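This report refers to the structure that appears directly beneath it.
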Amino acid sequence: MRWRVWGLCAVLLAHTAVAARPTASQLPPSVKQALQAARLPAKAMTVVVAPVGPTGQPLLSIGADRSINPASVMKLVTTYAALDLLGPEHRWQTGFYSNAPVLRGVLQGDLYVRGGGDPKWVLERIQADFAALQNQGVLAIAGDLVLDHSGFAVPVVAPGDFDGEHLRPYNVTPDALLVNFKSVLLHFTPDPEAGVAHVRSEPPLAGLTVDASVPLTTRACVDWRTRLQADFSDPNAIRLLGSYAQQCGEQVWPVAYQDPTSYAARALEGLWRQSGGGLTGRVRTGTTPTSARLLLAADSLPLSDIIADVNQFSNNVMAQQVFLSLGAPTEVAQFERSREVLGRWWTQTFGAKVAAPVVDNGSGLSRQERVTPQALLHLLRHAAQHPEALTFQLSLAVAGVNGTTRRMAQRPNSLANGRAWIKTGTLRDVAGIAGYVDTRTGQRLVIIAFIHHERANQGRAALDAVLEWAAEQRR
């Protein structure tokens with residue numbers, strides 16, 4: 001009789017354990033609690049957690065077929081398509097052309113700079129390219145410096161059209177000749193003895209003056225950018241009408257230049273003159289003549305490096321540059337052409353039964369882009385089997401370590417810290433994550449989780465809870 005009682009108890013305990021374990025269609029208790037703490041309804045979340053293998057059944061699947069706005073998680077689609085179609089060693093080329101001779105170090109005519117869509121033609125690389133040109137004997141330009149942006153045909157939009165934040169670098173628009181993300185870095189260095197914070201700007205923009213200092217205060221370092229009372233209304237001047245708190249120490253403020261259409265001309269003239277180069281003519285926009293000969297081909301960083309910047313730091317304009325490049329080889333890159341190429345690639349790769357994403361500009365900085373969690377599951381699984389699987393994985397930020405995920409998985413004894421490779425996404429009503437996580441038993445899982453709600457950004461703890469739950473799995 002005693003053995004029957006013990007047997008019955010064991011059965012009841014087993015049933016209780018099964019009942020306590022969430023099914024694939026139920027949110028884990030820790031996730032529910034995090035949503036409740038943020039005053040978010042459970043229905044705001046869509047989530048898929050599944051083995052990375054192509055046939056494993058999901059451990060968690062809620063709203064997998066729901067078409068959602070993925071915010072910057074859409075960059076996974078753009079970067080994986082680029083890795084597959086273009087290859088990790090793909091490079092963009094900025095060309096320096098002329099049809100004039102060089103006599104005693106002086107180019108006897110115009111120098112044409114033709115943009116090839118380089119997503120990261122930044123100060124250090126521009127300076128290196130100018131030095132290489134000068135090493136070839138071009139020390140001065142007797143004609144004009146002509147900038148050729150014709151490689152991209154993109155709609156002309158004001159940078160602030162998306163959310164009104166026209167000075168935020170994340171709103172910079174793509175350009176075949178993208179120079180330093182069309183941004184200015186303002187460096188602030190407190191000097192207590194002088195009672196000011198010295199201001200240094202880079203790059204040197206021709207025709208732009210920036211206040212060299214701002215009064216120093218002893219106030220707490222709170223909302224220091226607002227307290228500067230910066231005036232960006234004049235394209236020829238940046239005025240600082242407020243003050244700077246000494247307690248802030250040294251700071252850097254990246255600002256999208258207030259007149260983006262003139263940025264490349266101002267920056268390249270300033271950098272050319274800073275390098276010691278002479279210029280007799282002016283800087284203007286134009287197209288490169290077919291008769292011009294190539295003086296210098298400046299290659300970009302490889303695609304493998306570019307997609308790491310795109311995914312780890314969620315760089316919108318770099319993502320759009322990559323997306324536009326999917327339409328190559330064509331003479332002029334266009335969003336519509338890239339959408340067509342990506343659509344064909346998607347069908348060939350995943351078949352017609354997997355709903356293709358709706359792509360606008362490929363960066364996620366859009367209200368039109370859509371994808372299903374199920375489609376992202378297919379993409380992440382496919383990427384894990386790709387010959388360049390490690391390249392793609394390493395392009396993602398490591399939870400708790402770097403990029404946009406450095407603040408994730410920070411609780412004591414977090415299993416996900418350093419064991420998850422994640423792309424984050426954030427818009428006004430969207431917060432999401434997608435990528436890979438290794439469990440405590442060494443199994444790799446795909447994880448996809450989104451919150452769509454007017455208070456979505458208050459639900460970060462719920463996304464962290466999904467990540468921790470996945471890392472703790474023993475199945």
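Residue numbering restarts at 1 for every chain of the structure tokens, chains are lettered A, B, ... in their displayed order, and ligands are numbered from 1 as they appear.
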>> Quick one: residues within 12 Å of Thr226 (chain A), only C-alpha atoms, excluding same-chain residues fewer than 5 positions away - as a ChimeraX atom specification?
In response: /A:221,231,240-245,253
With C-alpha atoms retained, export the selected residues as a PDB file, in the first residue's frame.
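File produced: part-v9.pdb:
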ATOM      1  CA  CYS A 221      26.383  67.612 -15.212  1.00  0.00           C
ATOM      2  CA  ASP A 231      22.380  77.611 -32.376  1.00  0.00           C
ATOM      3  CA  LEU A 240      27.123  78.164 -28.254  1.00  0.00           C
ATOM      4  CA  LEU A 241      25.035  80.634 -26.254  1.00  0.00           C
ATOM      5  CA  GLY A 242      24.833  78.770 -22.958  1.00  0.00           C
ATOM      6  CA  SER A 243      27.321  77.170 -20.572  1.00  0.00           C
ATOM      7  CA  TYR A 244      29.103  73.903 -19.839  1.00  0.00           C
ATOM      8  CA  ALA A 245      29.363  72.136 -16.478  1.00  0.00           C
ATOM      9  CA  TRP A 253      28.787  65.709 -29.246  1.00  0.00           C
TER      10      TRP A 253
END
>> Which residues are near region 110-118 of chain A? Cut-off 8 Å, only C-alpha atoms, ignore same chain within fewer than 3 positions. Put them as a ChimeraX atom specification.
In response: /A:91-100,107,121,141-152,175-178,287-288,300,321,325
>> Residues within 9 Å of Val77 (chain A), please, as a PyMOL selection string. Count only C-alpha atoms; anything in the same chain fewer than 5 positions from it doesn't count.
In response: chain A and resi 82+342+357+362+376+379
Write the residues of the preceding selection, restricted to C-alpha atoms, as a CSV table (one decimal), in the first residue's frame.
chain,number,residue,atom,x,y,z
A,82,ALA,CA,24.6,41.4,-48.8
A,342,LEU,CA,16.3,41.3,-52.4
A,357,PRO,CA,9.8,41.1,-45.7
A,362,GLY,CA,16.7,48.3,-45.5
A,376,LEU,CA,13.5,36.0,-39.2
A,379,LEU,CA,16.9,33.7,-42.0
>> List the spatial neighbours of Ile238 (chain A) as a PyMOL selection string - criterion: any atom at most 10 Å away, only C-alpha atoms, same-chain residues fewer than 4 positions off excluded.
In response: chain A and resi 186+201+208-212+230-234+257-258
Kindly export the residues of the current selection with N, CA and C atoms, as a PDB file, in the first residue's frame.
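Contents of out.pdb, freshly written:
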ATOM      1  N   LEU A 186      31.788  67.785 -32.052  1.00  0.00           N
ATOM      2  CA  LEU A 186      32.150  68.914 -31.198  1.00  0.00           C
ATOM      3  C   LEU A 186      32.778  68.364 -29.922  1.00  0.00           C
ATOM      4  N   SER A 201      36.208  71.376 -33.170  1.00  0.00           N
ATOM      5  CA  SER A 201      35.303  70.688 -34.088  1.00  0.00           C
ATOM      6  C   SER A 201      36.100  69.945 -35.146  1.00  0.00           C
ATOM      7  N   LEU A 208      32.905  77.326 -42.318  1.00  0.00           N
ATOM      8  CA  LEU A 208      32.157  77.167 -41.074  1.00  0.00           C
ATOM      9  C   LEU A 208      33.007  77.636 -39.897  1.00  0.00           C
ATOM     10  N   THR A 209      32.437  78.513 -39.069  1.00  0.00           N
ATOM     11  CA  THR A 209      33.090  78.921 -37.833  1.00  0.00           C
ATOM     12  C   THR A 209      32.324  78.328 -36.654  1.00  0.00           C
ATOM     13  N   VAL A 210      33.067  77.908 -35.633  1.00  0.00           N
ATOM     14  CA  VAL A 210      32.482  77.318 -34.428  1.00  0.00           C
ATOM     15  C   VAL A 210      33.046  78.076 -33.231  1.00  0.00           C
ATOM     16  N   ASP A 211      32.193  78.471 -32.310  1.00  0.00           N
ATOM     17  CA  ASP A 211      32.660  79.172 -31.110  1.00  0.00           C
ATOM     18  C   ASP A 211      33.772  78.361 -30.453  1.00  0.00           C
ATOM     19  N   ALA A 212      34.877  79.009 -30.140  1.00  0.00           N
ATOM     20  CA  ALA A 212      36.068  78.321 -29.643  1.00  0.00           C
ATOM     21  C   ALA A 212      35.969  77.936 -28.177  1.00  0.00           C
ATOM     22  N   ALA A 230      22.949  75.565 -28.080  1.00  0.00           N
ATOM     23  CA  ALA A 230      23.601  75.635 -29.385  1.00  0.00           C
ATOM     24  C   ALA A 230      22.640  76.163 -30.445  1.00  0.00           C
ATOM     25  N   ASP A 231      23.150  77.028 -31.270  1.00  0.00           N
ATOM     26  CA  ASP A 231      22.380  77.611 -32.376  1.00  0.00           C
ATOM     27  C   ASP A 231      22.968  77.096 -33.685  1.00  0.00           C
ATOM     28  N   PHE A 232      22.180  76.263 -34.384  1.00  0.00           N
ATOM     29  CA  PHE A 232      22.625  75.680 -35.652  1.00  0.00           C
ATOM     30  C   PHE A 232      21.878  76.285 -36.847  1.00  0.00           C
ATOM     31  N   SER A 233      21.275  77.429 -36.667  1.00  0.00           N
ATOM     32  CA  SER A 233      20.427  77.992 -37.718  1.00  0.00           C
ATOM     33  C   SER A 233      21.215  78.505 -38.924  1.00  0.00           C
ATOM     34  N   ASP A 234      22.474  78.841 -38.729  1.00  0.00           N
ATOM     35  CA  ASP A 234      23.298  79.391 -39.803  1.00  0.00           C
ATOM     36  C   ASP A 234      24.266  78.316 -40.303  1.00  0.00           C
ATOM     37  N   TYR A 257      25.391  67.776 -39.675  1.00  0.00           N
ATOM     38  CA  TYR A 257      25.580  69.153 -40.124  1.00  0.00           C
ATOM     39  C   TYR A 257      24.273  69.745 -40.624  1.00  0.00           C
ATOM     40  N   GLN A 258      24.056  71.009 -40.273  1.00  0.00           N
ATOM     41  CA  GLN A 258      22.757  71.636 -40.531  1.00  0.00           C
ATOM     42  C   GLN A 258      22.431  71.839 -42.004  1.00  0.00           C
TER      43      GLN A 258
END
> Just asking: which residues within region 189-320 of chain A are strand (DSSP E) according to DSSP, as a ChimeraX atom specification?
Replying inline: /A:189-191,196-202,209-210,213-217,230-231,237-240,244-245,251-256,278-279,283-285,293-299
Would you kindly return, as a PDB file with N, CA and C atoms, in the first residue's frame, each protein, DNA or RNA residue with an atom no farther than 10 Å from any atom of Ala132 (chain A), considering only C-alpha atoms and excluding same-chain residues fewer than 4 positions away?
ATOM      1  N   ILE A 126      39.808  59.323 -45.550  1.00  0.00           N
ATOM      2  CA  ILE A 126      39.900  60.415 -46.515  1.00  0.00           C
ATOM      3  C   ILE A 126      41.300  61.025 -46.472  1.00  0.00           C
ATOM      4  N   GLN A 127      41.806  61.238 -45.272  1.00  0.00           N
ATOM      5  CA  GLN A 127      43.155  61.788 -45.128  1.00  0.00           C
ATOM      6  C   GLN A 127      44.198  60.859 -45.755  1.00  0.00           C
ATOM      7  N   ALA A 128      44.026  59.553 -45.555  1.00  0.00           N
ATOM      8  CA  ALA A 128      44.960  58.590 -46.142  1.00  0.00           C
ATOM      9  C   ALA A 128      44.880  58.612 -47.661  1.00  0.00           C
ATOM     10  N   GLN A 136      51.463  60.442 -55.313  1.00  0.00           N
ATOM     11  CA  GLN A 136      51.536  60.199 -56.751  1.00  0.00           C
ATOM     12  C   GLN A 136      51.872  61.471 -57.519  1.00  0.00           C
ATOM     13  N   GLY A 137      52.058  62.573 -56.788  1.00  0.00           N
ATOM     14  CA  GLY A 137      52.505  63.795 -57.452  1.00  0.00           C
ATOM     15  C   GLY A 137      51.479  64.892 -57.562  1.00  0.00           C
ATOM     16  N   VAL A 138      50.229  64.661 -57.124  1.00  0.00           N
ATOM     17  CA  VAL A 138      49.199  65.702 -57.203  1.00  0.00           C
ATOM     18  C   VAL A 138      49.222  66.486 -55.896  1.00  0.00           C
ATOM     19  N   LEU A 296      43.548  57.537 -58.970  1.00  0.00           N
ATOM     20  CA  LEU A 296      43.637  56.759 -57.731  1.00  0.00           C
ATOM     21  C   LEU A 296      42.309  56.064 -57.478  1.00  0.00           C
ATOM     22  N   ALA A 297      42.377  54.780 -57.183  1.00  0.00           N
ATOM     23  CA  ALA A 297      41.194  54.017 -56.789  1.00  0.00           C
ATOM     24  C   ALA A 297      41.305  53.749 -55.294  1.00  0.00           C
ATOM     25  N   ALA A 298      40.423  54.352 -54.522  1.00  0.00           N
ATOM     26  CA  ALA A 298      40.453  54.207 -53.065  1.00  0.00           C
ATOM     27  C   ALA A 298      39.402  53.188 -52.648  1.00  0.00           C
TER      28      ALA A 298
END
